[in-house]
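Just structure-v4.txt here, compact mmCIF, C-alpha atoms:
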```txt
# COMPACT_ATOMS: atom_id res chain seq x y z
CA ALA A 661 86.81 115.23 124.06
CA GLN A 662 88.24 118.42 125.43
CA SER A 663 86.78 121.45 127.13
CA VAL A 664 87.77 124.53 129.04
CA THR A 665 86.00 126.25 131.91
CA GLN A 666 86.88 129.79 132.83
CA LEU A 667 85.64 130.69 136.30
CA GLY A 668 84.25 134.17 136.35
CA SER A 669 83.05 135.92 133.25
CA HIS A 670 84.11 139.27 134.69
CA VAL A 671 86.99 140.11 137.00
CA SER A 672 87.62 143.59 138.33
CA VAL A 673 90.87 144.65 139.99
CA SER A 674 92.52 147.88 141.04
CA GLU A 675 95.57 149.16 139.24
CA GLY A 676 98.63 147.62 140.89
CA ALA A 677 96.71 144.68 142.32
CA LEU A 678 97.27 141.01 141.56
CA VAL A 679 95.48 139.63 138.52
CA LEU A 680 94.24 136.04 138.74
CA LEU A 681 92.15 134.56 135.94
CA ARG A 682 91.09 130.96 136.41
CA CYS A 683 91.01 128.19 133.85
CA ASN A 684 90.27 124.50 134.28
CA TYR A 685 90.48 122.04 131.43
CA SER A 686 89.25 118.62 130.55
CA SER A 687 91.13 116.52 128.03
CA SER A 688 91.33 112.81 127.32
CA VAL A 689 94.98 113.13 126.30
CA PRO A 690 97.83 115.32 127.56
CA PRO A 691 96.86 118.82 126.59
CA TYR A 692 98.48 121.84 125.14
CA LEU A 693 97.11 124.97 126.80
CA PHE A 694 96.98 128.57 125.70
CA TRP A 695 95.93 131.99 126.92
CA TYR A 696 94.85 134.55 124.36
CA VAL A 697 93.95 138.20 124.92
CA GLN A 698 91.45 140.21 122.93
CA TYR A 699 91.48 143.99 123.10
CA PRO A 700 88.32 145.86 122.06
CA ASN A 701 87.53 145.53 118.37
CA GLN A 702 90.64 143.48 117.70
CA GLY A 703 91.53 139.87 117.02
CA LEU A 704 93.00 137.41 119.48
CA GLN A 705 96.65 137.65 120.42
CA LEU A 706 98.63 134.83 122.03
CA LEU A 707 99.76 135.64 125.58
CA LEU A 708 101.46 132.37 126.42
CA LYS A 709 101.29 128.63 125.87
CA TYR A 710 102.08 125.38 127.65
CA THR A 711 103.41 122.58 125.48
CA SER A 712 104.60 119.98 128.01
CA ALA A 713 107.91 121.63 128.85
CA ALA A 714 108.20 123.78 132.00
CA THR A 715 105.00 123.90 134.02
CA LEU A 716 105.43 127.60 134.79
CA VAL A 717 105.07 129.52 131.58
CA LYS A 718 105.94 133.17 131.12
CA GLY A 719 104.25 135.23 128.48
CA ILE A 720 104.12 138.74 127.17
CA ASN A 721 103.21 141.84 129.18
CA GLY A 722 104.28 140.30 132.50
CA PHE A 723 101.72 137.49 132.52
CA GLU A 724 102.47 133.94 133.54
CA ALA A 725 100.53 130.73 134.03
CA GLU A 726 101.19 127.49 135.83
CA PHE A 727 100.11 124.09 134.57
CA LYS A 728 98.88 121.91 137.42
CA LYS A 729 98.00 118.44 136.23
CA SER A 730 96.63 117.31 139.60
CA GLU A 731 94.19 120.20 139.59
CA THR A 732 93.62 120.23 135.81
CA SER A 733 94.21 123.97 135.97
CA PHE A 734 96.08 126.60 134.01
CA HIS A 735 95.43 129.87 135.85
CA LEU A 736 96.77 133.14 134.50
CA THR A 737 98.43 135.64 136.83
CA LYS A 738 100.13 139.00 136.80
CA PRO A 739 101.59 140.51 139.97
CA SER A 740 100.55 144.09 139.28
CA ALA A 741 97.70 145.11 137.01
CA HIS A 742 98.04 147.98 134.60
CA MET A 743 95.26 149.95 132.98
CA SER A 744 96.37 148.64 129.60
CA ASP A 745 95.61 145.06 130.75
CA ALA A 746 91.88 145.72 130.47
CA ALA A 747 90.69 143.24 127.85
CA GLU A 748 89.01 139.88 127.44
CA TYR A 749 91.10 136.81 128.13
CA PHE A 750 90.51 133.38 126.68
CA CYS A 751 91.88 130.05 127.81
CA ALA A 752 92.12 127.34 125.15
CA VAL A 753 93.07 123.67 124.95
CA SER A 754 94.37 121.47 122.17
CA PRO A 755 94.88 117.72 122.39
CA LEU A 756 97.62 117.33 119.84
CA ARG A 757 100.64 119.18 118.65
CA GLY A 758 99.47 118.86 115.10
CA GLY A 759 97.97 116.47 112.65
CA SER A 760 94.57 116.18 111.14
CA ASN A 761 92.80 115.89 114.48
CA TYR A 762 93.93 119.30 115.59
CA LYS A 763 91.29 121.44 117.27
CA LEU A 764 91.68 124.41 119.56
CA THR A 765 88.76 124.70 121.96
CA PHE A 766 88.19 128.01 123.74
CA GLY A 767 86.64 128.90 127.06
CA LYS A 768 83.88 131.51 127.26
CA GLY A 769 86.30 134.25 128.16
CA THR A 770 86.90 136.48 131.18
CA LEU A 771 86.56 140.23 130.89
CA LEU A 772 89.20 141.98 132.98
CA THR A 773 88.46 145.48 134.19
CA VAL A 774 91.21 147.55 135.82
CA ASN A 775 90.11 150.39 138.07
CA PRO A 776 92.33 153.43 138.66
CA ASP B 1096 105.52 140.15 108.27
CA ALA B 1097 101.88 140.48 107.36
CA GLY B 1098 99.50 138.69 109.64
CA VAL B 1099 96.21 137.04 108.75
CA ILE B 1100 94.27 139.49 106.61
CA GLN B 1101 90.49 139.54 106.60
CA SER B 1102 87.99 141.53 104.62
CA PRO B 1103 85.66 143.24 105.01
CA ARG B 1104 86.27 144.46 108.56
CA HIS B 1105 82.66 145.53 108.92
CA GLU B 1106 79.59 144.59 106.93
CA VAL B 1107 75.96 145.46 107.39
CA THR B 1108 73.55 143.61 105.16
CA GLU B 1109 69.88 142.91 104.89
CA MET B 1110 68.35 139.59 105.73
CA GLY B 1111 68.31 137.28 102.74
CA GLN B 1112 71.39 138.74 101.11
CA GLU B 1113 74.51 136.76 100.35
CA VAL B 1114 77.56 137.54 102.46
CA THR B 1115 81.12 136.63 101.52
CA LEU B 1116 83.96 136.96 103.99
CA ARG B 1117 87.52 136.68 102.78
CA CYS B 1118 90.77 135.60 104.36
CA LYS B 1119 94.42 135.54 103.42
CA PRO B 1120 96.43 133.35 105.81
CA ILE B 1121 100.03 133.93 106.79
CA SER B 1122 102.34 132.78 104.02
CA GLY B 1123 103.63 129.27 104.65
CA HIS B 1124 100.82 128.32 107.02
CA ASP B 1125 99.04 125.20 105.86
CA TYR B 1126 96.19 125.16 108.38
CA LEU B 1127 93.37 127.68 108.10
CA PHE B 1128 90.50 128.07 110.55
CA TRP B 1129 87.22 129.95 110.56
CA TYR B 1130 85.79 130.87 113.97
CA ARG B 1131 82.61 132.70 114.93
CA GLN B 1132 82.32 134.78 118.09
CA THR B 1133 79.02 135.75 119.70
CA MET B 1134 78.07 136.89 123.17
CA MET B 1135 75.89 133.85 123.72
CA ARG B 1136 78.15 131.09 122.41
CA GLY B 1137 81.63 132.55 122.67
CA LEU B 1138 84.25 131.39 120.15
CA GLU B 1139 83.16 128.49 117.98
CA LEU B 1140 85.24 126.67 115.40
CA LEU B 1141 83.23 126.51 112.19
CA ILE B 1142 85.61 124.72 109.85
CA TYR B 1143 89.28 124.18 109.26
CA PHE B 1144 91.43 123.32 106.26
CA ASN B 1145 94.75 121.57 105.90
CA ASN B 1146 96.62 122.13 102.64
CA ASN B 1147 93.46 123.66 101.17
CA VAL B 1148 91.35 120.60 101.97
CA PRO B 1149 88.45 120.88 104.45
CA ILE B 1150 89.21 118.57 107.36
CA ASP B 1151 86.40 119.21 109.81
CA ASP B 1152 83.27 121.19 109.05
CA SER B 1153 81.21 119.85 111.93
CA GLY B 1154 80.93 123.35 113.38
CA MET B 1155 79.23 124.84 110.35
CA PRO B 1156 75.78 125.70 111.65
CA GLU B 1157 73.72 124.79 108.62
CA ASP B 1158 73.67 124.52 104.86
CA ARG B 1159 73.45 128.27 104.46
CA PHE B 1160 77.12 128.37 105.40
CA SER B 1161 79.86 127.27 103.05
CA ALA B 1162 83.62 127.70 102.99
CA LYS B 1163 86.19 127.24 100.29
CA MET B 1164 89.93 127.42 99.98
CA PRO B 1165 90.84 127.47 96.29
CA ASN B 1166 94.54 127.99 96.97
CA ALA B 1167 97.02 128.31 99.82
CA SER B 1168 96.64 132.06 100.09
CA PHE B 1169 92.89 132.56 100.00
CA SER B 1170 89.73 131.35 101.66
CA THR B 1171 86.11 132.45 101.71
CA LEU B 1172 83.24 131.93 104.09
CA LYS B 1173 79.87 132.45 102.48
CA ILE B 1174 76.43 132.80 104.03
CA GLN B 1175 73.48 132.51 101.70
CA PRO B 1176 70.86 133.59 102.57
CA SER B 1177 71.91 135.56 105.62
CA GLU B 1178 69.72 135.85 108.72
CA PRO B 1179 69.83 138.22 111.71
CA ARG B 1180 71.06 135.41 113.96
CA ASP B 1181 74.20 135.21 111.83
CA SER B 1182 75.29 138.56 113.23
CA ALA B 1183 78.66 137.92 114.84
CA VAL B 1184 82.37 138.47 114.52
CA TYR B 1185 83.97 135.98 112.16
CA PHE B 1186 87.65 135.28 112.65
CA CYS B 1187 90.04 133.62 110.29
CA ALA B 1188 93.21 132.09 111.73
CA SER B 1189 96.17 130.10 110.49
CA ARG B 1190 99.14 128.06 111.69
CA THR B 1191 101.92 125.93 110.36
CA GLY B 1192 101.75 122.16 110.25
CA GLU B 1193 104.38 121.80 112.96
CA GLY B 1194 103.55 124.75 115.12
CA ASN B 1195 100.92 124.80 117.84
CA THR B 1196 100.18 128.51 117.85
CA ILE B 1197 97.21 129.82 115.92
CA TYR B 1198 97.42 133.37 114.62
CA PHE B 1199 94.19 135.30 114.29
CA GLY B 1200 93.07 137.99 111.93
CA GLU B 1201 91.35 141.16 113.09
CA GLY B 1202 87.92 139.72 112.39
CA SER B 1203 84.96 140.60 110.21
CA TRP B 1204 82.09 142.24 112.10
CA LEU B 1205 78.85 141.13 110.43
CA THR B 1206 75.48 142.66 111.16
CA VAL B 1207 72.40 141.27 109.43
CA VAL B 1208 69.32 143.47 109.74
```

What would you get if you wrote out this structure as structure tokens?
Amino acid sequence: AQSVTQLGSHVSVSEGALVLLRCNYSSSVPPYLFWYVQYPNQGLQLLLKYTSAATLVKGINGFEAEFKKSETSFHLTKPSAHMSDAAEYFCAVSPLRGGSNYKLTFGKGTLLTVNP
Amino acid sequence: DAGVIQSPRHEVTEMGQEVTLRCKPISGHDYLFWYRQTMMRGLELLIYFNNNVPIDDSGMPEDRFSAKMPNASFSTLKIQPSEPRDSAVYFCASRTGEGNTIYFGEGSWLTVV
């Protein structure tokens, strides 16, 4: 079984401040982990993914995330928030690279608000 | 390249009516997924197909929901009869057999009144 817990359904930061969105996972096998972003009235767009290579993963728009096995975490960060970062962010886990057992399980999402 | 294409983008229907949502996956992708997003339950996987064959439909809420994939470039999600609690955003997504990234469509916003 696999699951994802995103701590904080709503995070508010000031423009220019550090963004930290938390994600903890549970998986019975080594996981693949993803962060997706959803802008208002749009679909989900992949920000970055961890697939057992480097533990620090860099994504689009200046975001990065670090896989910490000991903490079962995959927190998303950005050094300086921009107004355009306001969106909902989803952490997701998959147990396998592919195959018929593939399932991507999402967290509940964290709404990021950026204040001017 | 065209992404995952869904239609309709928005639909408002009356309770009891049949609703059909359509999806065209990215060409060459052999996995197709249907997700539902609501405020209460977040993103839920309803069903997914591999090479047009349904692999796991354990997320389909009840018999009123059905999904088909008659060929590699088309899938439908049907709700019959629809109920107000079916109001949600329905996403279609696809990926290749070797890749681990799922690509999402823009979603179909369904309101059942």

Inset, instruction - Residues of chain B near chain A: apply a cut-off of 8 Å, count all atoms listed in the file, and supply the list as a ChimeraX atom specification. - result: /B:1136-1140,1145,1150,1186,1192-1196,1198-1202

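Atom CA of B:Trp1204 sits 12.0 Å away from atom CA of B:Thr1115.
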
Legend entry - atom CA of B:Phe1160 to atom CA of A:Tyr699, distance in Å rounded to a single decimal: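 Computed distance, atom CA of B:Phe1160 to atom CA of A:Tyr699, equals 27.6 Å.
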
Inset, instruction - Mind checking which residues fall within 9 Å of A:Ser687, counting all atoms listed in the file, ignoring those fewer than 4 positions away in the same chain, and posting them as a ChimeraX atom specification? - result: /A:661-664,691,732,753-755

Inset, instruction - Could you check how far atom CA of A:Gln666 sits from atom CA of B:Arg1190, in Å to one decimal? - result: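 So the two atoms, atom CA of A:Gln666 and atom CA of B:Arg1190, lie 24.5 Å apart.
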
Inset, instruction - Write out as number ranges by chain each polymer residue whose atoms come within 10 Å of B:Thr1108, counting only C-alpha atoms; drop sequence neighbours fewer than 4 positions from it. - result: B: 1112-1114, 1177-1179, 1182, 1205-1208
